[in-house]
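Here's the structure we're looking at; comments come further down.
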There are 2 protein chains.
Amino acid sequence: MGKQKDINHPVSEDEVPTQIKNQDLVRERRRQIIDSTVKLFIEHGYHKTTTRMIAKASKFSIGSLYEYVSSKEDLLYLVCKTIHEEVQNAVEKALSDTAKEKERLAEAIRQYFYVCDRMADHILLMYQVTQFLPEKWKKSILVNELAITDIFIQALSSLSGQNDFPQLDEKRLNLAGHNISVLGQMWAFRRWHVQKEFTIEEYINIQTDFILGLIFQV
Amino acid sequence: MGKQKDINHPVSEDEVPTQIKNQDLVRERRRQIIDSTVKLFIEHGYHKTTTRMIAKASKFSIGSLYEYVSSKEDLLYLVCKTIHEEVQNAVEKALSDTAKEKERLAEAIRQYFYVCDRMADHILLMYQVTQFLPEKWKKSILVNELAITDIFIQALSSLSGQNDFPQLDEKRLNLAGHNISVLGQMWAFRRWHVQKEFTIEEYINIQTDFILGLIFQV
DNA sequence: AACCTATGACTGAGCGCTCGTTCAAGCAAG
DNA sequence: CTTGCTTGAACGAGCGCTCAGTCATAGGTT
């Protein structure tokens, strides 16, 4: 009777209101809008990107834009959420592809760092832009961020104590996960230096030694 | 004959123009302005802080404010520069205090992390705000950032090959320096998690193991 | 077929307002 | 009177957002 809950599409419509009746249309148009907006935000930043620019880039009038999105802040939230989902999907995919026991962690790190390399613009954007989210959205974004880090913590803890892997206390495990996250993102937010001095391969190799150093040296 | 170059005061006046003749006055007033501005930026961010708020907080009229500073962007630059100088001074002081041979590096890291703890707000502000600097200033800020990292790279390289310290190739040295910088800053920009889960002491201890892990494990 | 009507996506001029910046006038000291 | 500093009303560009109206389409009626 009541309309069925859709779970399987990435951007939830209920959180951010719209004037348009046709939900499929909303989905399609929002993709369109978000895609253009991400590009504009990356190029000009949040504040210098005007709603008019967004409308033009997504081939709408401003009026139409505001049928699909109720404020610029809402749009910002949709952008952040979409990026996070992309990162998370990429990370999970990369991790599931490397189900091998032995060198599993090193390979997982390698794949994650590749993701950070490919999505450097997006990661940087997230760093720049989360600050402008209204408090309610901000929390939800941090939860997402934590979820990504958790993937590593899980991977680490599933290895902890196995084979030649040392047993790690929870705190070390936790922090190691965060370090992996951050050192990957560092490839994006310190690109002005690291991407000039290292190839991504060099970076991965050295940082992997670094991370595994902590774990095996205890 | 020509007015003598002043080198010894933190905020250089030549870079940012002023209408006021008396240089000492400029120096004093600017300190006053910058102090208030930092607080406001930390609390409200760059964009939501208006020039009027700044004027009021530093006990000036807007008119006067614009006698000492020629634009909001210039003010932003002064703020960034001042913060960097504070961090740099604090780091250098912390490093010079710990001139002991043996545990020198570990102690240096400890002191640096304390600085990051004390100046967490400022570090966060730098992360949020550099993006709004005009290109010319941005470069100069990155140079400063690099200078801070260089302190660690120097410290590391002076130890490299000494005593029980392994010889490190330049790339590893370089990246280790950056890792120290970033893992310190991480205490600030991931505070929503790390400062909830760890005391600063725990954090320092684990991260120090982490960093030294890389170096000794090669 | 021809006509009418209802629906809802789409349009864009323009409103209300904020905020960075200016400048004519004021004032204190020499 | 001149110089150096201060003041705050006034300016106007630019922004997010609205809303009265347009138009293409679908479906009902004759």
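Following the order of the structure tokens, first chain is A, next is B, and so on, with residues numbered from 1 inside each chain and ligands from 1 in the order they appear.
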
Give me the least-squares superposed chain A (reference chain B; all C-alpha atoms paired in order) as a CSV table (one decimal) with C-alpha atoms, in the first residue's frame.
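Saved the output as result39.csv:
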```
chain,number,residue,atom,x,y,z
A,1,MET,CA,69.8,57.6,4.5
A,2,GLY,CA,67.1,55.2,3.2
A,3,LYS,CA,65.2,53.8,6.1
A,4,GLN,CA,66.9,50.7,7.5
A,5,LYS,CA,65.3,47.3,6.8
A,6,ASP,CA,63.7,45.8,9.9
A,7,ILE,CA,64.2,42.1,9.9
A,8,ASN,CA,63.5,41.1,13.4
A,9,HIS,CA,59.7,41.5,13.7
A,10,PRO,CA,57.5,38.6,12.7
A,11,VAL,CA,54.9,40.2,10.4
A,12,SER,CA,56.5,42.1,7.6
A,13,GLU,CA,54.8,45.4,6.7
A,14,ASP,CA,56.1,45.8,3.2
A,15,GLU,CA,54.2,42.9,1.7
A,16,VAL,CA,50.8,44.2,2.8
A,17,PRO,CA,50.3,47.9,2.2
A,18,THR,CA,48.8,50.4,4.8
A,19,GLN,CA,47.7,54.0,4.8
A,20,ILE,CA,49.2,54.7,8.2
A,21,LYS,CA,52.5,56.5,8.4
A,22,ASN,CA,53.7,55.5,11.9
A,23,GLN,CA,55.2,52.0,11.4
A,24,ASP,CA,55.3,51.2,15.1
A,25,LEU,CA,51.6,51.9,15.3
A,26,VAL,CA,51.0,49.7,12.3
A,27,ARG,CA,52.9,46.9,14.1
A,28,GLU,CA,51.0,47.2,17.3
A,29,ARG,CA,47.5,47.7,15.7
A,30,ARG,CA,48.0,44.8,13.4
A,31,ARG,CA,48.9,42.5,16.2
A,32,GLN,CA,45.7,43.6,17.8
A,33,ILE,CA,43.7,43.0,14.6
A,34,ILE,CA,45.3,39.7,13.9
A,35,ASP,CA,44.7,38.4,17.4
A,36,SER,CA,41.0,39.1,17.2
A,37,THR,CA,40.7,37.8,13.7
A,38,VAL,CA,42.3,34.5,14.5
A,39,LYS,CA,39.7,34.0,17.2
A,40,LEU,CA,36.9,34.9,15.0
A,41,PHE,CA,38.1,32.7,12.1
A,42,ILE,CA,38.5,29.8,14.4
A,43,GLU,CA,35.0,30.3,15.8
A,44,HIS,CA,33.1,31.2,12.6
A,45,GLY,CA,35.4,30.4,9.7
A,46,TYR,CA,36.6,32.8,7.1
A,47,HIS,CA,33.5,33.5,5.1
A,48,LYS,CA,31.1,33.9,7.9
A,49,THR,CA,33.4,36.4,9.6
A,50,THR,CA,32.6,39.8,8.3
A,51,THR,CA,35.0,42.7,8.2
A,52,ARG,CA,32.6,44.5,10.5
A,53,MET,CA,32.9,41.8,13.1
A,54,ILE,CA,36.6,42.0,12.9
A,55,ALA,CA,36.5,45.7,13.3
A,56,LYS,CA,34.3,45.5,16.3
A,57,ALA,CA,36.4,42.8,17.9
A,58,SER,CA,39.6,44.7,17.5
A,59,LYS,CA,37.9,47.9,18.8
A,60,PHE,CA,38.1,49.8,15.6
A,61,SER,CA,35.7,51.2,13.1
A,62,ILE,CA,35.7,49.4,9.7
A,63,GLY,CA,37.2,52.5,8.3
A,64,SER,CA,40.2,52.3,10.6
A,65,LEU,CA,40.6,48.6,9.9
A,66,TYR,CA,41.0,49.4,6.2
A,67,GLU,CA,43.7,51.9,7.1
A,68,TYR,CA,45.9,49.0,8.4
A,69,VAL,CA,45.0,46.3,5.9
A,70,SER,CA,43.9,46.7,2.4
A,71,SER,CA,41.6,43.8,1.9
A,72,LYS,CA,40.1,40.9,3.7
A,73,GLU,CA,42.4,38.6,1.7
A,74,ASP,CA,45.4,40.5,2.9
A,75,LEU,CA,44.2,40.0,6.4
A,76,LEU,CA,43.8,36.3,5.8
A,77,TYR,CA,47.4,36.2,4.6
A,78,LEU,CA,48.6,38.0,7.7
A,79,VAL,CA,46.7,35.5,9.8
A,80,CYS,CA,48.1,32.5,8.1
A,81,LYS,CA,51.6,33.8,8.2
A,82,THR,CA,51.4,34.6,11.9
A,83,ILE,CA,50.1,31.2,12.7
A,84,HIS,CA,52.8,29.5,10.7
A,85,GLU,CA,55.4,31.5,12.5
A,86,GLU,CA,54.1,30.6,15.8
A,87,VAL,CA,54.1,26.9,14.9
A,88,GLN,CA,57.6,27.1,13.5
A,89,ASN,CA,58.9,28.9,16.5
A,90,ALA,CA,57.3,26.4,18.8
A,91,VAL,CA,58.7,23.5,16.9
A,92,GLU,CA,62.2,25.0,16.7
A,93,LYS,CA,62.2,25.8,20.3
A,94,ALA,CA,61.0,22.3,21.2
A,95,LEU,CA,63.7,20.8,19.0
A,96,SER,CA,66.5,23.0,20.4
A,97,ASP,CA,65.5,22.1,23.9
A,98,THR,CA,66.1,18.5,23.3
A,99,ALA,CA,69.7,18.5,22.1
A,100,LYS,CA,70.4,15.1,23.7
A,101,GLU,CA,72.0,12.6,21.3
A,102,LYS,CA,70.4,9.4,22.3
A,103,GLU,CA,66.7,9.6,22.4
A,104,ARG,CA,66.7,12.9,20.6
A,105,LEU,CA,64.3,12.0,17.8
A,106,ALA,CA,61.7,10.5,20.0
A,107,GLU,CA,61.8,13.5,22.3
A,108,ALA,CA,61.6,15.9,19.3
A,109,ILE,CA,58.5,14.1,18.1
A,110,ARG,CA,57.0,14.3,21.6
A,111,GLN,CA,57.6,18.0,21.8
A,112,TYR,CA,56.2,18.5,18.3
A,113,PHE,CA,53.1,16.6,19.1
A,114,TYR,CA,52.6,18.7,22.2
A,115,VAL,CA,52.8,21.8,20.0
A,116,CYS,CA,50.1,20.3,17.7
A,117,ASP,CA,48.0,19.6,20.8
A,118,ARG,CA,48.3,23.2,22.1
A,119,MET,CA,47.8,24.7,18.7
A,120,ALA,CA,45.1,22.3,17.4
A,121,ASP,CA,42.7,25.1,16.7
A,122,HIS,CA,45.3,27.0,14.7
A,123,ILE,CA,46.4,24.0,12.7
A,124,LEU,CA,42.8,23.2,11.8
A,125,LEU,CA,42.3,26.8,10.8
A,126,MET,CA,45.2,26.6,8.4
A,127,TYR,CA,43.8,23.5,6.8
A,128,GLN,CA,40.4,25.2,6.3
A,129,VAL,CA,41.6,28.5,5.1
A,130,THR,CA,44.7,28.2,2.8
A,131,GLN,CA,42.4,27.4,0.0
A,132,PHE,CA,41.1,31.0,0.0
A,133,LEU,CA,44.4,32.7,-0.3
A,134,PRO,CA,45.2,34.3,-3.7
A,135,GLU,CA,47.8,32.3,-5.6
A,136,LYS,CA,50.7,34.5,-4.8
A,137,TRP,CA,50.2,34.1,-1.0
A,138,LYS,CA,49.4,30.4,-1.3
A,139,LYS,CA,52.8,29.5,-2.6
A,140,SER,CA,54.5,31.3,0.2
A,141,ILE,CA,52.4,29.5,2.7
A,142,LEU,CA,53.4,26.1,1.2
A,143,VAL,CA,57.0,27.1,1.4
A,144,ASN,CA,56.5,27.7,5.1
A,145,GLU,CA,54.9,24.4,5.6
A,146,LEU,CA,57.8,22.7,3.9
A,147,ALA,CA,60.2,24.6,6.1
A,148,ILE,CA,58.5,23.1,9.2
A,149,THR,CA,58.7,19.6,7.7
A,150,ASP,CA,62.3,20.3,6.8
A,151,ILE,CA,63.2,20.7,10.4
A,152,PHE,CA,62.3,17.1,10.9
A,153,ILE,CA,64.1,15.9,7.8
A,154,GLN,CA,67.2,17.7,8.9
A,155,ALA,CA,66.9,16.2,12.4
A,156,LEU,CA,66.5,12.8,10.8
A,157,SER,CA,69.3,13.1,8.4
A,158,SER,CA,71.7,14.3,11.1
A,159,LEU,CA,71.0,11.0,12.9
A,160,SER,CA,71.1,8.8,9.8
A,161,GLY,CA,74.0,6.4,9.9
A,162,GLN,CA,75.0,7.5,13.4
A,163,ASN,CA,75.3,4.9,16.2
A,164,ASP,CA,72.5,2.4,16.1
A,165,PHE,CA,70.7,4.5,13.6
A,166,PRO,CA,70.4,2.9,10.2
A,167,GLN,CA,71.5,4.7,7.0
A,168,LEU,CA,68.4,6.0,5.2
A,169,ASP,CA,68.1,6.9,1.6
A,170,GLU,CA,66.9,10.4,0.8
A,171,LYS,CA,63.4,9.4,-0.2
A,172,ARG,CA,62.7,7.5,2.9
A,173,LEU,CA,64.1,10.3,5.0
A,174,ASN,CA,62.0,12.9,3.2
A,175,LEU,CA,58.8,10.9,3.5
A,176,ALA,CA,59.5,10.1,7.2
A,177,GLY,CA,59.7,13.9,7.8
A,178,HIS,CA,56.4,14.5,6.1
A,179,ASN,CA,54.8,11.6,8.0
A,180,ILE,CA,55.9,13.2,11.3
A,181,SER,CA,54.4,16.5,10.3
A,182,VAL,CA,51.1,15.0,9.1
A,183,LEU,CA,50.6,12.6,12.0
A,184,GLY,CA,51.0,15.5,14.3
A,185,GLN,CA,48.5,17.5,12.4
A,186,MET,CA,46.2,14.5,12.4
A,187,TRP,CA,45.8,15.0,16.1
A,188,ALA,CA,44.1,18.2,15.2
A,189,PHE,CA,42.1,17.4,12.1
A,190,ARG,CA,40.9,14.0,13.3
A,191,ARG,CA,40.3,15.3,16.8
A,192,TRP,CA,36.6,14.2,16.5
A,193,HIS,CA,37.9,10.7,16.9
A,194,VAL,CA,41.5,10.5,18.2
A,195,GLN,CA,41.0,13.0,21.0
A,196,LYS,CA,38.0,11.0,22.1
A,197,GLU,CA,39.8,7.7,22.0
A,198,PHE,CA,43.3,8.5,23.2
A,199,THR,CA,45.0,10.8,25.6
A,200,ILE,CA,47.8,12.8,24.1
A,201,GLU,CA,50.3,10.7,25.9
A,202,GLU,CA,48.9,7.5,24.4
A,203,TYR,CA,48.8,9.0,21.0
A,204,ILE,CA,52.4,10.2,21.2
A,205,ASN,CA,53.6,6.8,22.4
A,206,ILE,CA,51.9,4.7,19.8
A,207,GLN,CA,52.7,7.1,16.9
A,208,THR,CA,56.3,7.3,18.0
A,209,ASP,CA,56.6,3.6,17.8
A,210,PHE,CA,55.0,3.8,14.5
A,211,ILE,CA,57.5,6.4,13.1
A,212,LEU,CA,60.5,4.7,14.6
A,213,GLY,CA,59.2,1.5,13.2
A,214,LEU,CA,59.8,2.6,9.7
A,215,ILE,CA,63.3,3.7,10.5
A,216,PHE,CA,64.7,0.8,12.4
A,217,GLN,CA,63.0,-1.9,10.5
A,218,VAL,CA,64.6,-1.4,7.0
```

With a cut-off of 10 Å, could you pull out the residues of chain C touching chain B and give me the nearest pair of atoms for each, distance in Å to one decimal, using only C-alpha atoms (C1' of nucleotides), ordered by chain and ascending number, as a tab-separated table?
```
residue	atom	partner	partner_atom	distance
C:DT18	C1'	B:Thr50	CA	9.7
C:DC19	C1'	B:Thr50	CA	7.0
C:DG20	C1'	B:Thr51	CA	7.3
C:DT21	C1'	B:Ser71	CA	8.2
C:DT22	C1'	B:Gly63	CA	8.6
C:DC23	C1'	B:Gly63	CA	9.5
```

Got a sec: who's within 12 Å of DT30 (chain D), counting only C-alpha atoms (C1' of nucleotides), leaving out chain neighbours fewer than 4 positions off, as a list in words?
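Final neighbour list, sorted by chain and number: DA1, DA2, DC3 and DC4 of chain C.
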
Alpha helix (DSSP H) positions in region 15-94 of chain A, given as a ChimeraX atom specification:
/A:23-44,51-57,62-68,72-94

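The two atoms in question, C1' of DG8 (chain D) and C1' of DG16 (chain C), are spaced 23.1 Å apart.
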
Do you have the C1' of DA24 (chain D)-C1' of DG14 (chain C) distance handy?
26.0 Å

Give me, as a VMD selection string, the contact residues of chain D against chain A at a cut-off of 12 Å, counting only C-alpha atoms (C1' of nucleotides).
chain D and resid 14 to 19

Selection near DC27 (chain C), 10 Å with only C-alpha atoms (C1' of nucleotides), sequence-local residues under 2 positions removed, as a ChimeraX atom specification:
/C:25,29 /D:5-7
